[in-house]
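Shown here: entry_29.csv, CSV, C-alpha atoms (C1' of nucleotides).
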chain,number,residue,atom,x,y,z
A,1,MET,CA,35.6,-2.8,-7.9
A,2,GLY,CA,34.6,-0.1,-10.1
A,3,ASN,CA,31.2,-1.0,-11.4
A,4,LEU,CA,28.0,0.6,-10.4
A,5,ALA,CA,26.5,-2.4,-8.6
A,6,ASP,CA,29.5,-2.7,-6.4
A,7,ARG,CA,29.5,1.0,-5.6
A,8,ILE,CA,25.9,1.0,-4.7
A,9,GLU,CA,26.5,-2.1,-2.5
A,10,ALA,CA,29.3,-0.4,-0.7
A,11,TYR,CA,27.3,2.8,-0.2
A,12,LEU,CA,24.4,0.8,1.3
A,13,LYS,CA,26.7,-1.3,3.6
A,14,ASN,CA,28.3,1.9,4.7
A,15,ILE,CA,25.1,3.6,5.8
A,16,LEU,CA,23.9,0.4,7.3
A,17,GLY,CA,27.1,0.3,9.4
A,18,GLU,CA,26.6,3.9,10.5
A,19,SER,CA,23.0,3.4,11.5
A,20,GLU,CA,21.7,2.5,14.9
A,21,GLY,CA,19.3,-0.3,15.0
A,22,GLY,CA,20.6,-2.5,12.2
A,23,SER,CA,18.3,-1.2,9.5
A,24,VAL,CA,18.1,1.5,7.0
A,25,ILE,CA,15.2,3.1,5.2
A,26,LEU,CA,15.5,4.9,1.9
A,27,GLN,CA,13.8,5.5,-1.4
A,28,ARG,CA,14.6,3.7,-4.6
A,29,GLY,CA,14.0,6.7,-6.8
A,30,PHE,CA,16.2,8.9,-4.7
A,31,LEU,CA,19.0,6.3,-4.6
A,32,ALA,CA,18.8,5.9,-8.4
A,33,GLU,CA,19.1,9.6,-8.7
A,34,VAL,CA,22.2,9.7,-6.5
A,35,PHE,CA,23.9,7.2,-8.7
A,36,SER,CA,22.2,8.4,-11.9
A,37,CYS,CA,21.1,5.0,-12.9
A,38,ALA,CA,17.9,3.2,-13.8
A,39,PRO,CA,15.7,2.5,-10.7
A,40,SER,CA,15.7,-1.2,-11.6
A,41,GLN,CA,19.4,-1.2,-11.0
A,42,ILE,CA,18.7,-0.7,-7.4
A,43,ASN,CA,16.6,-3.9,-7.4
A,44,TYR,CA,19.4,-5.6,-9.2
A,45,VAL,CA,21.8,-4.7,-6.4
A,46,LEU,CA,19.3,-5.7,-3.7
A,47,THR,CA,18.5,-9.1,-5.2
A,48,THR,CA,22.2,-10.0,-5.9
A,49,ARG,CA,23.9,-8.4,-2.8
A,50,PHE,CA,21.4,-8.2,-0.1
A,51,THR,CA,19.9,-11.7,0.0
A,52,VAL,CA,19.1,-13.7,3.1
A,53,GLU,CA,22.0,-16.0,2.3
A,54,LYS,CA,24.3,-13.0,2.6
A,55,GLY,CA,22.7,-11.9,5.8
A,56,TYR,CA,20.2,-9.2,4.8
A,57,LEU,CA,16.5,-8.8,4.6
A,58,VAL,CA,14.8,-6.3,2.3
A,59,GLU,CA,11.3,-5.0,2.8
A,60,SER,CA,9.4,-2.4,0.9
A,61,ARG,CA,6.3,-0.4,0.4
A,62,ARG,CA,4.9,1.0,-2.8
A,63,GLY,CA,2.8,4.0,-3.5
A,64,GLY,CA,3.1,7.5,-2.1
A,65,GLY,CA,5.6,7.6,0.6
A,66,GLY,CA,6.9,4.2,-0.5
A,67,PHE,CA,10.3,3.1,0.7
A,68,LEU,CA,12.9,0.3,0.9
A,69,ARG,CA,14.1,-1.0,4.2
A,70,ILE,CA,17.3,-3.1,4.5
A,71,VAL,CA,17.7,-5.1,7.6
A,72,ARG,CA,20.9,-6.8,8.7
A,73,LEU,CA,20.5,-10.3,10.0
A,74,GLY,CA,22.5,-11.4,12.9
A,75,PHE,CA,24.4,-14.3,11.5
A,76,ASP,CA,27.3,-14.7,9.1
A,77,GLU,CA,27.8,-17.2,6.4
A,78,GLU,CA,29.7,-19.7,8.6
A,79,SER,CA,27.1,-19.8,11.4
A,80,ASN,CA,25.0,-22.7,12.4
A,81,PHE,CA,22.0,-20.7,11.6
A,82,HIS,CA,23.1,-20.2,8.1
A,83,ARG,CA,23.7,-23.9,7.8
A,84,ILE,CA,20.3,-24.8,9.0
A,85,MET,CA,18.6,-22.4,6.7
A,86,ASN,CA,20.5,-23.8,3.7
A,87,GLU,CA,19.4,-27.3,4.8
A,88,LEU,CA,15.8,-26.1,4.9
A,89,LEU,CA,15.9,-24.6,1.4
A,90,GLY,CA,13.5,-26.4,-0.8
A,91,LYS,CA,13.4,-29.4,1.6
A,92,GLU,CA,10.7,-31.0,3.7
A,93,VAL,CA,10.4,-30.8,7.4
A,94,SER,CA,8.2,-33.1,9.5
A,95,GLN,CA,6.3,-31.8,12.5
A,96,ARG,CA,8.6,-33.7,14.8
A,97,ARG,CA,11.7,-32.2,13.3
A,98,ALA,CA,10.2,-28.7,13.4
A,99,ASN,CA,9.3,-29.2,17.1
A,100,ASN,CA,12.8,-30.4,17.9
A,101,LEU,CA,14.3,-27.4,16.2
A,102,LEU,CA,12.0,-25.0,18.1
A,103,ASP,CA,12.7,-26.8,21.4
A,104,ASN,CA,16.4,-26.4,20.7
A,105,LEU,CA,16.0,-22.7,20.1
A,106,PHE,CA,14.0,-22.4,23.3
A,107,GLU,CA,16.6,-24.2,25.3
A,108,GLU,CA,19.3,-22.0,23.9
A,109,GLY,CA,17.3,-19.0,25.0
A,110,ILE,CA,16.8,-17.7,21.5
A,111,ILE,CA,13.0,-17.9,21.6
A,112,SER,CA,10.6,-17.6,24.5
A,113,GLU,CA,8.3,-20.4,25.8
A,114,ARG,CA,5.3,-18.6,24.4
A,115,GLU,CA,6.9,-18.2,21.0
A,116,THR,CA,7.7,-21.9,21.0
A,117,ILE,CA,4.1,-22.8,21.7
A,118,LEU,CA,2.6,-20.4,19.2
A,119,LEU,CA,5.0,-21.4,16.5
A,120,LYS,CA,4.5,-25.1,17.1
A,121,SER,CA,0.7,-24.7,17.0
A,122,VAL,CA,0.9,-23.0,13.7
A,123,LEU,CA,3.2,-25.6,12.2
A,124,ALA,CA,1.2,-28.5,13.4
A,125,ASP,CA,0.2,-31.3,11.0
A,126,LYS,CA,-3.3,-30.9,12.3
A,127,ILE,CA,-3.4,-27.4,10.8
A,128,ILE,CA,-1.2,-27.3,7.7
A,129,GLY,CA,-1.7,-31.0,6.9
A,130,GLU,CA,-5.5,-30.3,6.7
A,131,SER,CA,-5.6,-28.9,3.2
A,132,LEU,CA,-2.3,-30.3,1.9
A,133,GLY,CA,-0.9,-33.7,1.5
A,134,ASP,CA,2.0,-34.9,3.6
A,135,THR,CA,4.8,-33.9,1.3
A,136,HIS,CA,3.3,-30.5,0.5
A,137,ALA,CA,2.7,-29.8,4.2
A,138,ALA,CA,6.3,-30.7,5.0
A,139,ARG,CA,7.6,-28.5,2.2
A,140,LEU,CA,5.4,-25.6,3.4
A,141,ARG,CA,6.7,-26.2,7.0
A,142,ALA,CA,10.3,-25.9,5.7
A,143,MET,CA,9.5,-22.6,4.2
A,144,MET,CA,7.8,-21.4,7.4
A,145,MET,CA,10.7,-22.6,9.5
A,146,LYS,CA,13.1,-20.6,7.3
A,147,GLU,CA,10.9,-17.5,7.7
A,148,ILE,CA,11.0,-18.0,11.5
A,149,LEU,CA,14.8,-18.3,11.5
A,150,ILE,CA,15.0,-15.1,9.4
A,151,GLY,CA,12.7,-13.3,11.8
A,152,ILE,CA,14.6,-14.2,14.9
A,153,SER,CA,17.8,-13.1,13.2
A,154,ARG,CA,16.6,-9.6,12.6
A,155,THR,CA,18.8,-7.0,14.3
A,156,ASP,CA,16.3,-4.2,14.1
A,157,ILE,CA,13.8,-5.4,16.7
A,158,ASN,CA,14.2,-6.0,20.4
B,1,MET,CA,7.0,8.0,7.8
B,2,GLY,CA,6.8,10.7,5.3
B,3,ASN,CA,3.4,10.5,3.9
B,4,LEU,CA,0.3,12.3,4.9
B,5,ALA,CA,-1.8,9.3,5.7
B,6,ASP,CA,0.7,8.0,8.1
B,7,ARG,CA,1.1,11.3,9.8
B,8,ILE,CA,-2.7,11.7,10.2
B,9,GLU,CA,-2.8,8.2,11.6
B,10,ALA,CA,-0.1,9.0,14.1
B,11,TYR,CA,-1.9,12.2,15.1
B,12,LEU,CA,-5.2,10.4,15.7
B,13,LYS,CA,-3.6,7.6,17.7
B,14,ASN,CA,-1.8,10.2,19.7
B,15,ILE,CA,-4.9,12.0,20.8
B,16,LEU,CA,-6.7,8.7,21.3
B,17,GLY,CA,-4.0,7.7,23.6
B,18,GLU,CA,-4.2,11.0,25.6
B,19,SER,CA,-8.0,10.8,25.8
B,20,GLU,CA,-9.9,9.3,28.7
B,21,GLY,CA,-12.2,6.4,27.7
B,22,GLY,CA,-10.4,5.6,24.5
B,23,SER,CA,-12.5,7.7,22.2
B,24,VAL,CA,-12.2,10.9,20.4
B,25,ILE,CA,-14.6,13.3,18.6
B,26,LEU,CA,-13.5,15.7,15.9
B,27,GLN,CA,-14.6,17.3,12.7
B,28,ARG,CA,-13.4,16.1,9.4
B,29,GLY,CA,-13.2,19.6,7.9
B,30,PHE,CA,-11.1,20.9,10.8
B,31,LEU,CA,-8.7,18.0,10.6
B,32,ALA,CA,-8.4,18.4,6.8
B,33,GLU,CA,-7.6,22.0,7.5
B,34,VAL,CA,-4.9,21.2,10.1
B,35,PHE,CA,-3.2,18.9,7.6
B,36,SER,CA,-4.1,21.1,4.6
B,37,CYS,CA,-5.4,18.2,2.6
B,38,ALA,CA,-8.6,17.2,0.9
B,39,PRO,CA,-11.3,16.2,3.4
B,40,SER,CA,-11.7,12.8,1.7
B,41,GLN,CA,-8.1,12.1,2.7
B,42,ILE,CA,-9.4,11.8,6.2
B,43,ASN,CA,-11.9,9.1,5.1
B,44,TYR,CA,-9.0,7.3,3.4
B,45,VAL,CA,-7.0,7.3,6.6
B,46,LEU,CA,-10.1,6.1,8.6
B,47,THR,CA,-11.0,3.3,6.2
B,48,THR,CA,-7.4,2.0,5.9
B,49,ARG,CA,-6.0,2.5,9.4
B,50,PHE,CA,-9.0,2.5,11.8
B,51,THR,CA,-10.7,-0.6,10.7
B,52,VAL,CA,-12.5,-3.1,13.0
B,53,GLU,CA,-9.7,-5.7,12.7
B,54,LYS,CA,-7.3,-3.1,13.8
B,55,GLY,CA,-9.6,-2.5,16.8
B,56,TYR,CA,-11.3,0.7,16.0
B,57,LEU,CA,-14.8,1.8,15.5
B,58,VAL,CA,-15.7,4.9,13.5
B,59,GLU,CA,-19.0,6.7,13.8
B,60,SER,CA,-20.1,9.9,12.2
B,61,ARG,CA,-22.9,12.3,11.7
B,62,ARG,CA,-23.5,14.6,8.8
B,63,GLY,CA,-25.1,18.0,8.5
B,64,GLY,CA,-24.7,21.0,10.8
B,65,GLY,CA,-22.8,20.1,13.9
B,66,GLY,CA,-21.6,16.9,12.2
B,67,PHE,CA,-18.6,15.0,13.6
B,68,LEU,CA,-16.5,11.9,13.5
B,69,ARG,CA,-16.0,9.7,16.5
B,70,ILE,CA,-13.2,7.2,16.7
B,71,VAL,CA,-13.4,4.6,19.4
B,72,ARG,CA,-10.7,2.2,20.4
B,73,LEU,CA,-12.1,-1.3,21.1
B,74,GLY,CA,-10.1,-3.1,23.7
B,75,PHE,CA,-10.6,-6.8,24.0
B,76,ASP,CA,-9.2,-7.8,27.3
B,77,GLU,CA,-12.5,-9.2,28.4
B,78,GLU,CA,-13.1,-12.9,27.8
B,79,SER,CA,-16.2,-12.5,25.8
B,80,ASN,CA,-14.5,-10.2,23.3
B,81,PHE,CA,-12.0,-12.9,22.4
B,82,HIS,CA,-14.8,-15.1,21.2
B,83,ARG,CA,-16.3,-12.2,19.4
B,84,ILE,CA,-13.1,-11.7,17.5
B,85,MET,CA,-12.8,-15.4,16.7
B,86,ASN,CA,-16.3,-15.7,15.4
B,87,GLU,CA,-16.8,-12.4,13.7
B,88,LEU,CA,-13.5,-11.3,12.4
B,89,LEU,CA,-12.2,-14.8,11.6
B,90,GLY,CA,-14.5,-16.5,9.3
B,91,LYS,CA,-13.6,-19.5,7.2
B,92,GLU,CA,-11.1,-17.4,5.2
B,93,VAL,CA,-8.7,-14.7,6.2
B,94,SER,CA,-6.7,-12.6,3.8
B,95,GLN,CA,-3.1,-11.7,4.6
B,96,ARG,CA,-4.1,-8.1,5.1
B,97,ARG,CA,-6.8,-9.0,7.6
B,98,ALA,CA,-4.5,-11.3,9.5
B,99,ASN,CA,-1.8,-8.5,9.6
B,100,ASN,CA,-4.4,-6.1,10.9
B,101,LEU,CA,-5.5,-8.4,13.6
B,102,LEU,CA,-1.9,-9.0,14.7
B,103,ASP,CA,-1.3,-5.3,14.7
B,104,ASN,CA,-4.3,-5.0,16.9
B,105,LEU,CA,-3.1,-7.6,19.3
B,106,PHE,CA,0.3,-5.9,19.4
B,107,GLU,CA,-1.2,-2.5,20.1
B,108,GLU,CA,-3.2,-4.0,22.9
B,109,GLY,CA,0.0,-5.3,24.4
B,110,ILE,CA,-1.2,-8.9,24.0
B,111,ILE,CA,1.7,-10.0,21.8
B,112,SER,CA,5.2,-8.6,21.4
B,113,GLU,CA,6.7,-6.9,18.4
B,114,ARG,CA,8.8,-10.0,17.7
B,115,GLU,CA,5.8,-12.2,17.9
B,116,THR,CA,4.0,-9.9,15.6
B,117,ILE,CA,6.8,-10.1,13.0
B,118,LEU,CA,7.3,-13.9,13.3
B,119,LEU,CA,3.6,-14.6,13.0
B,120,LYS,CA,3.1,-12.2,10.1
B,121,SER,CA,6.0,-13.8,8.2
B,122,VAL,CA,4.7,-17.3,8.7
B,123,LEU,CA,1.2,-16.2,7.5
B,124,ALA,CA,2.4,-14.4,4.5
B,125,ASP,CA,0.9,-15.0,1.1
B,126,LYS,CA,4.4,-15.4,-0.3
B,127,ILE,CA,4.7,-18.5,2.0
B,128,ILE,CA,1.4,-20.2,2.4
B,129,GLY,CA,0.1,-19.0,-1.0
B,130,GLU,CA,3.0,-20.8,-2.7
B,131,SER,CA,1.7,-24.3,-2.9
B,132,LEU,CA,-2.0,-23.5,-2.2
B,133,GLY,CA,-4.1,-21.2,-4.3
B,134,ASP,CA,-5.3,-17.9,-2.8
B,135,THR,CA,-8.6,-19.3,-1.5
B,136,HIS,CA,-7.0,-22.4,0.1
B,137,ALA,CA,-4.3,-20.2,1.6
B,138,ALA,CA,-7.0,-17.9,3.1
B,139,ARG,CA,-8.7,-21.0,4.6
B,140,LEU,CA,-5.4,-22.3,6.1
B,141,ARG,CA,-4.6,-18.8,7.4
B,142,ALA,CA,-7.9,-18.7,9.2
B,143,MET,CA,-7.2,-22.0,10.9
B,144,MET,CA,-3.7,-20.7,11.9
B,145,MET,CA,-5.1,-17.5,13.2
B,146,LYS,CA,-7.5,-19.4,15.4
B,147,GLU,CA,-4.6,-21.5,16.8
B,148,ILE,CA,-2.7,-18.3,17.5
B,149,LEU,CA,-5.7,-16.9,19.4
B,150,ILE,CA,-6.0,-20.1,21.4
B,151,GLY,CA,-2.3,-20.0,22.1
B,152,ILE,CA,-2.3,-16.5,23.4
B,153,SER,CA,-5.4,-17.1,25.5
B,154,ARG,CA,-3.6,-19.8,27.5
B,155,THR,CA,-3.1,-18.8,31.0
B,156,ASP,CA,-0.5,-21.4,31.8
B,157,ILE,CA,2.4,-19.7,30.2
B,158,ASN,CA,3.8,-16.2,30.8
C,1,DT,C1',-45.4,23.2,10.5
C,2,DT,C1',-43.0,23.0,6.3
C,3,DC,C1',-39.6,24.5,3.2
C,4,DT,C1',-35.0,26.1,2.3
C,5,DT,C1',-30.5,26.5,2.8
C,6,DA,C1',-26.0,26.0,4.7
C,7,DA,C1',-23.1,23.0,6.9
C,8,DA,C1',-21.4,19.1,7.7
C,9,DG,C1',-19.7,14.2,6.1
C,10,DG,C1',-19.6,10.2,2.1
C,11,DT,C1',-18.3,8.0,-2.3
C,12,DC,C1',-15.9,7.1,-6.2
C,13,DA,C1',-12.9,7.4,-9.9
C,14,DA,C1',-8.9,9.4,-11.8
C,15,DA,C1',-4.3,11.0,-11.2
C,16,DA,C1',0.0,10.7,-8.9
C,17,DA,C1',3.7,8.5,-6.5
C,18,DA,C1',6.0,5.2,-5.3
C,19,DG,C1',8.3,0.3,-6.0
C,20,DG,C1',8.5,-4.6,-8.9
C,21,DT,C1',9.3,-7.6,-12.9
C,22,DC,C1',11.3,-9.3,-16.9
C,23,DA,C1',13.2,-9.7,-21.2
C,24,DG,C1',16.8,-8.2,-23.8
C,25,DT,C1',21.3,-6.0,-24.6
C,26,DG,C1',26.0,-5.0,-23.5
C,27,DA,C1',30.3,-5.9,-20.9
C,28,DT,C1',33.8,-8.9,-19.1
C,29,DG,C1',36.7,-12.3,-18.0
C,30,DA,C1',38.2,-17.3,-18.0
D,1,DT,C1',34.3,-17.6,-27.5
D,2,DC,C1',30.9,-18.1,-24.6
D,3,DA,C1',29.0,-18.0,-20.1
D,4,DT,C1',28.0,-15.1,-16.5
D,5,DC,C1',27.3,-10.6,-14.7
D,6,DA,C1',25.7,-5.7,-15.1
D,7,DC,C1',22.4,-2.6,-16.7
D,8,DT,C1',18.3,-0.5,-19.0
D,9,DG,C1',13.7,0.4,-20.5
D,10,DA,C1',9.0,-0.9,-21.1
D,11,DC,C1',5.3,-2.2,-18.6
D,12,DC,C1',2.8,-3.6,-14.1
D,13,DT,C1',1.0,-3.4,-9.3
D,14,DT,C1',0.2,-1.1,-5.1
D,15,DT,C1',-0.8,2.9,-2.3
D,16,DT,C1',-1.8,7.6,-1.7
D,17,DT,C1',-3.9,12.0,-2.8
D,18,DT,C1',-7.2,14.9,-5.0
D,19,DG,C1',-11.5,16.6,-6.8
D,20,DA,C1',-16.1,16.5,-8.4
D,21,DC,C1',-20.4,15.2,-7.1
D,22,DC,C1',-23.9,13.1,-3.6
D,23,DT,C1',-26.4,12.7,0.9
D,24,DT,C1',-27.8,13.9,5.5
D,25,DT,C1',-28.9,17.1,9.2
D,26,DA,C1',-29.7,21.2,11.9
D,27,DA,C1',-31.4,25.8,11.9
D,28,DG,C1',-34.0,29.3,10.4
D,29,DA,C1',-37.4,31.5,7.4
D,30,DA,C1',-42.0,31.5,5.6
Using structure tokens, write down the structure that the file contains.
Amino acid sequence: MGNLADRIEAYLKNILGESEGGSVILQRGFLAEVFSCAPSQINYVLTTRFTVEKGYLVESRRGGGGFLRIVRLGFDEESNFHRIMNELLGKEVSQRRANNLLDNLFEEGIISERETILLKSVLADKIIGESLGDTHAARLRAMMMKEILIGISRTDIN
Amino acid sequence: MGNLADRIEAYLKNILGESEGGSVILQRGFLAEVFSCAPSQINYVLTTRFTVEKGYLVESRRGGGGFLRIVRLGFDEESNFHRIMNELLGKEVSQRRANNLLDNLFEEGIISERETILLKSVLADKIIGESLGDTHAARLRAMMMKEILIGISRTDIN
DNA sequence: TTCTTAAAGGTCAAAAAAGGTCAGTGATGA
DNA sequence: TCATCACTGACCTTTTTTGACCTTTAAGAA
């Protein structure tokens, strides 16, 4: 496709493919210059093409020496992971369900025992149910679970 | 990282690592000269990167023969864990403080990089600040941080 | 001893250097 | 034609960097 957004997308996926470590760091202003477009165009590309659903994570820092980092996530759109994350989207997750999910991840060797314990403790009703009602807690827990799944899918660490 | 503050931070952590006893003494003016920057830039680095939550103590003396001393505070002793819990974690903890504390734990080798990333993601304002206001989020975050510290103090795993 | 001065470091606000957001406009294709 | 996608520009937030001005201390002069 000829349009700018597609070309920027292709460019980024290309350097991501070249790179070691599953992530790439660059500057928005520089990239905008390369493609001689508005800087906000870069954000457009990132928010439409490099979403979690499509298997990417974008982090950034502002200010002097600021940057964008694009991280590839280790799953594709057909995977179990992807299915679970979609199910989590905007839903509610009970403590029991979260614990089961974490236990499964542990048994499959995806997270360590310690990670399991730490994450369970932080997701416990006793903690997040304190200030929130049941439904709000379950909704927050769903968001947290999604973050966890994203985190363990990162290909730039470990 | 490209920026000055990060390079000065790296430089200081490097000489701190080399040094016996985990402390270093140097002169602000000299350091500013080395990096050819404004002397106040050194203060900026110290106040943003060498905070107590991150596990550093900075002392100084003015006047002739003045100096800066940076001390790395380890907390492997039992008592220190309680000090952290009581002093650094009050009733409320901002995202920044939580991140700093987790960075500290990582640098001490107490948690892994992956644990750091997972826990930060779950404690993020973007997540727990969603349904709660800022203050409530900070209160929840404090409870979560305490759970995390309890979890990593457990001697029965790993 | 007391005063003066030079040699440190400290503070703060303003400027600079990034990236973020959003509404609106233009393009495109079913 | 009209709904969706692409793109821009104005304005915002965060982080870094600098400079002007302030305070403290040691050393030496009076």
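In this model, the gap between CA of Asp125 (chain A) and CA of Asn100 (chain B) comes to 25.6 Å.
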- Identify, on the basis of all atoms listed in the file, every residue whose closest approach to region 20-28 of chain C does not exceed 9 Å; exclude the query and any residue fewer than 3 positions from it along the same chain; express the result as a ChimeraX atom specification. /A:40,43 /D:4-8,11-13
- Can you list, as JSON, numbers by chain, every protein, DNA or RNA residue that comes within 10 Å of DT5 (chain C) when you count only C-alpha atoms (C1' of nucleotides), leaving out same-chain residues fewer than 6 positions away? {"D": [27, 28, 29]}
Take chain A, lay it over chain B with a least-squares fit on all the Cα atoms in order, then hand it over as a short mmCIF file (atom, residue, chain, number, x, y, z; two decimals) with C-alpha atoms, in the coordinates of the input.
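Saved to out.cif:
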data_model
loop_
_atom_site.label_atom_id
_atom_site.label_comp_id
_atom_site.auth_asym_id
_atom_site.auth_seq_id
_atom_site.Cartn_x
_atom_site.Cartn_y
_atom_site.Cartn_z
CA MET A 1 5.31 20.85 11.64
CA GLY A 2 3.11 23.44 10.38
CA ASN A 3 0.95 21.81 7.78
CA LEU A 4 -2.65 20.99 8.15
CA ALA A 5 -2.29 17.20 8.12
CA ASP A 6 0.16 17.31 10.93
CA ARG A 7 -2.02 19.64 12.97
CA ILE A 8 -5.02 17.50 12.54
CA GLU A 9 -2.92 14.43 13.52
CA ALA A 10 -1.75 16.11 16.65
CA TYR A 11 -5.25 17.27 17.57
CA LEU A 12 -6.58 13.70 17.17
CA LYS A 13 -3.67 12.12 19.18
CA ASN A 14 -4.29 14.68 21.84
CA ILE A 15 -7.96 13.88 22.33
CA LEU A 16 -7.21 10.23 22.07
CA GLY A 17 -4.70 10.64 24.93
CA GLU A 18 -7.26 12.50 27.03
CA SER A 19 -9.98 9.95 26.50
CA GLU A 20 -10.78 7.01 28.69
CA GLY A 21 -11.14 3.78 26.95
CA GLY A 22 -8.60 4.15 24.16
CA SER A 23 -11.02 5.34 21.51
CA VAL A 24 -12.55 8.45 20.25
CA ILE A 25 -15.69 9.14 18.30
CA LEU A 26 -16.24 12.22 16.19
CA GLN A 27 -17.72 13.47 12.97
CA ARG A 28 -15.79 14.10 9.80
CA GLY A 29 -17.84 17.09 8.78
CA PHE A 30 -17.47 18.71 12.15
CA LEU A 31 -13.70 18.08 12.23
CA ALA A 32 -13.35 19.55 8.72
CA GLU A 33 -15.21 22.55 9.90
CA VAL A 34 -12.90 23.01 12.89
CA PHE A 35 -9.91 23.06 10.65
CA SER A 36 -11.75 24.70 7.73
CA CYS A 37 -10.62 22.18 5.26
CA ALA A 38 -12.12 19.80 2.74
CA PRO A 39 -13.75 16.73 4.44
CA SER A 40 -11.55 14.45 2.31
CA GLN A 41 -8.58 15.90 4.08
CA ILE A 42 -9.71 14.18 7.15
CA ASN A 43 -9.58 10.84 5.28
CA TYR A 44 -6.19 11.80 4.04
CA VAL A 45 -4.96 12.22 7.61
CA LEU A 46 -6.63 8.98 8.75
CA THR A 47 -5.21 6.85 5.94
CA THR A 48 -1.63 8.28 6.25
CA ARG A 49 -1.39 8.73 10.09
CA PHE A 50 -3.75 6.38 11.67
CA THR A 51 -2.97 3.05 9.98
CA VAL A 52 -2.70 -0.31 11.67
CA GLU A 53 1.04 -0.24 11.12
CA LYS A 54 1.17 2.90 13.24
CA GLY A 55 -1.01 1.38 15.88
CA TYR A 56 -4.52 2.67 15.16
CA LEU A 57 -7.75 1.32 13.88
CA VAL A 58 -10.40 3.48 12.22
CA GLU A 59 -14.04 2.54 11.95
CA SER A 60 -16.94 4.48 10.61
CA ARG A 61 -20.58 4.73 9.86
CA ARG A 62 -22.28 6.66 7.12
CA GLY A 63 -25.66 8.21 6.89
CA GLY A 64 -27.53 10.23 9.48
CA GLY A 65 -25.76 10.16 12.71
CA GLY A 66 -22.66 8.82 10.95
CA PHE A 67 -19.35 9.03 12.74
CA LEU A 68 -15.64 8.11 12.77
CA ARG A 69 -14.16 6.10 15.57
CA ILE A 70 -10.37 5.93 16.14
CA VAL A 71 -9.13 3.13 18.24
CA ARG A 72 -5.62 2.85 19.65
CA LEU A 73 -4.04 -0.54 19.37
CA GLY A 74 -1.99 -1.82 22.17
CA PHE A 75 1.33 -2.37 20.53
CA ASP A 76 4.10 -0.12 19.28
CA GLU A 77 6.15 -0.39 16.19
CA GLU A 78 8.97 -2.40 17.84
CA SER A 79 6.70 -5.08 19.35
CA ASN A 80 6.58 -8.68 18.46
CA PHE A 81 3.04 -8.24 17.48
CA HIS A 82 3.91 -5.64 15.00
CA ARG A 83 6.55 -7.92 13.59
CA ILE A 84 4.21 -10.77 13.16
CA MET A 85 1.62 -8.69 11.47
CA ASN A 86 4.19 -7.35 8.99
CA GLU A 87 5.23 -10.97 8.30
CA LEU A 88 1.60 -11.84 7.61
CA LEU A 89 1.08 -8.98 5.15
CA GLY A 90 0.32 -10.35 1.78
CA LYS A 91 1.78 -13.77 2.74
CA GLU A 92 0.34 -17.25 3.07
CA VAL A 93 -0.29 -19.06 6.26
CA SER A 94 -0.92 -22.81 6.50
CA GLN A 95 -3.44 -24.22 8.94
CA ARG A 96 -0.65 -25.66 11.02
CA ARG A 97 1.13 -22.36 11.31
CA ALA A 98 -2.11 -20.55 12.16
CA ASN A 99 -2.84 -23.16 14.89
CA ASN A 100 0.64 -22.78 16.33
CA LEU A 101 0.27 -19.04 16.45
CA LEU A 102 -3.13 -19.29 18.20
CA ASP A 103 -1.77 -21.90 20.64
CA ASN A 104 1.07 -19.52 21.43
CA LEU A 105 -1.34 -16.70 22.12
CA PHE A 106 -3.38 -18.99 24.33
CA GLU A 107 -0.38 -20.06 26.29
CA GLU A 108 0.66 -16.49 26.78
CA GLY A 109 -2.77 -15.78 28.16
CA ILE A 110 -3.66 -13.34 25.42
CA ILE A 111 -6.65 -15.33 24.16
CA SER A 112 -9.00 -17.66 25.98
CA GLU A 113 -9.36 -21.44 25.31
CA ARG A 114 -12.74 -20.85 23.74
CA GLU A 115 -11.41 -18.13 21.47
CA THR A 116 -8.63 -20.47 20.40
CA ILE A 117 -11.10 -23.17 19.46
CA LEU A 118 -13.51 -20.89 17.66
CA LEU A 119 -10.78 -19.17 15.76
CA LYS A 120 -9.11 -22.41 14.77
CA SER A 121 -12.43 -23.86 13.55
CA VAL A 122 -12.99 -20.91 11.37
CA LEU A 123 -9.51 -20.99 9.89
CA ALA A 124 -9.56 -24.65 9.21
CA ASP A 125 -8.59 -26.00 5.77
CA LYS A 126 -11.77 -27.99 5.86
CA ILE A 127 -13.75 -24.74 5.80
CA ILE A 128 -11.78 -22.11 3.88
CA GLY A 129 -10.00 -24.66 1.67
CA GLU A 130 -13.49 -25.85 0.48
CA SER A 131 -14.11 -23.15 -2.09
CA LEU A 132 -10.52 -21.98 -2.62
CA GLY A 133 -7.39 -23.62 -3.73
CA ASP A 134 -4.50 -24.16 -1.36
CA THR A 135 -2.62 -20.98 -2.06
CA HIS A 136 -5.73 -18.80 -2.02
CA ALA A 137 -6.90 -20.39 1.25
CA ALA A 138 -3.51 -19.74 2.83
CA ARG A 139 -3.51 -16.14 1.63
CA LEU A 140 -7.05 -15.64 2.99
CA ARG A 141 -5.92 -17.23 6.34
CA ALA A 142 -3.06 -14.68 6.53
CA MET A 143 -5.50 -11.90 6.16
CA MET A 144 -7.81 -13.39 8.80
CA MET A 145 -4.92 -13.93 11.16
CA LYS A 146 -3.95 -10.26 10.79
CA GLU A 147 -7.55 -9.22 11.52
CA ILE A 148 -7.47 -11.40 14.68
CA LEU A 149 -4.20 -9.83 15.85
CA ILE A 150 -5.72 -6.36 15.25
CA GLY A 151 -8.80 -7.30 17.22
CA ILE A 152 -6.97 -8.58 20.22
CA SER A 153 -4.87 -5.43 20.22
CA ARG A 154 -7.81 -3.14 20.57
CA THR A 155 -7.64 -1.03 23.74
CA ASP A 156 -11.27 -0.06 23.74
CA ILE A 157 -12.82 -3.39 24.72
CA ASN A 158 -12.42 -5.45 27.85
#
- Task: Tell me the residues of chain A close to chain B, meaning within 8 Å using only C-alpha atoms, as a ChimeraX atom specification.
- Result: /A:64-65,113-115,117-119,121-122,127-128,131-132,136,140,143-144,147-148,151-152,157-158
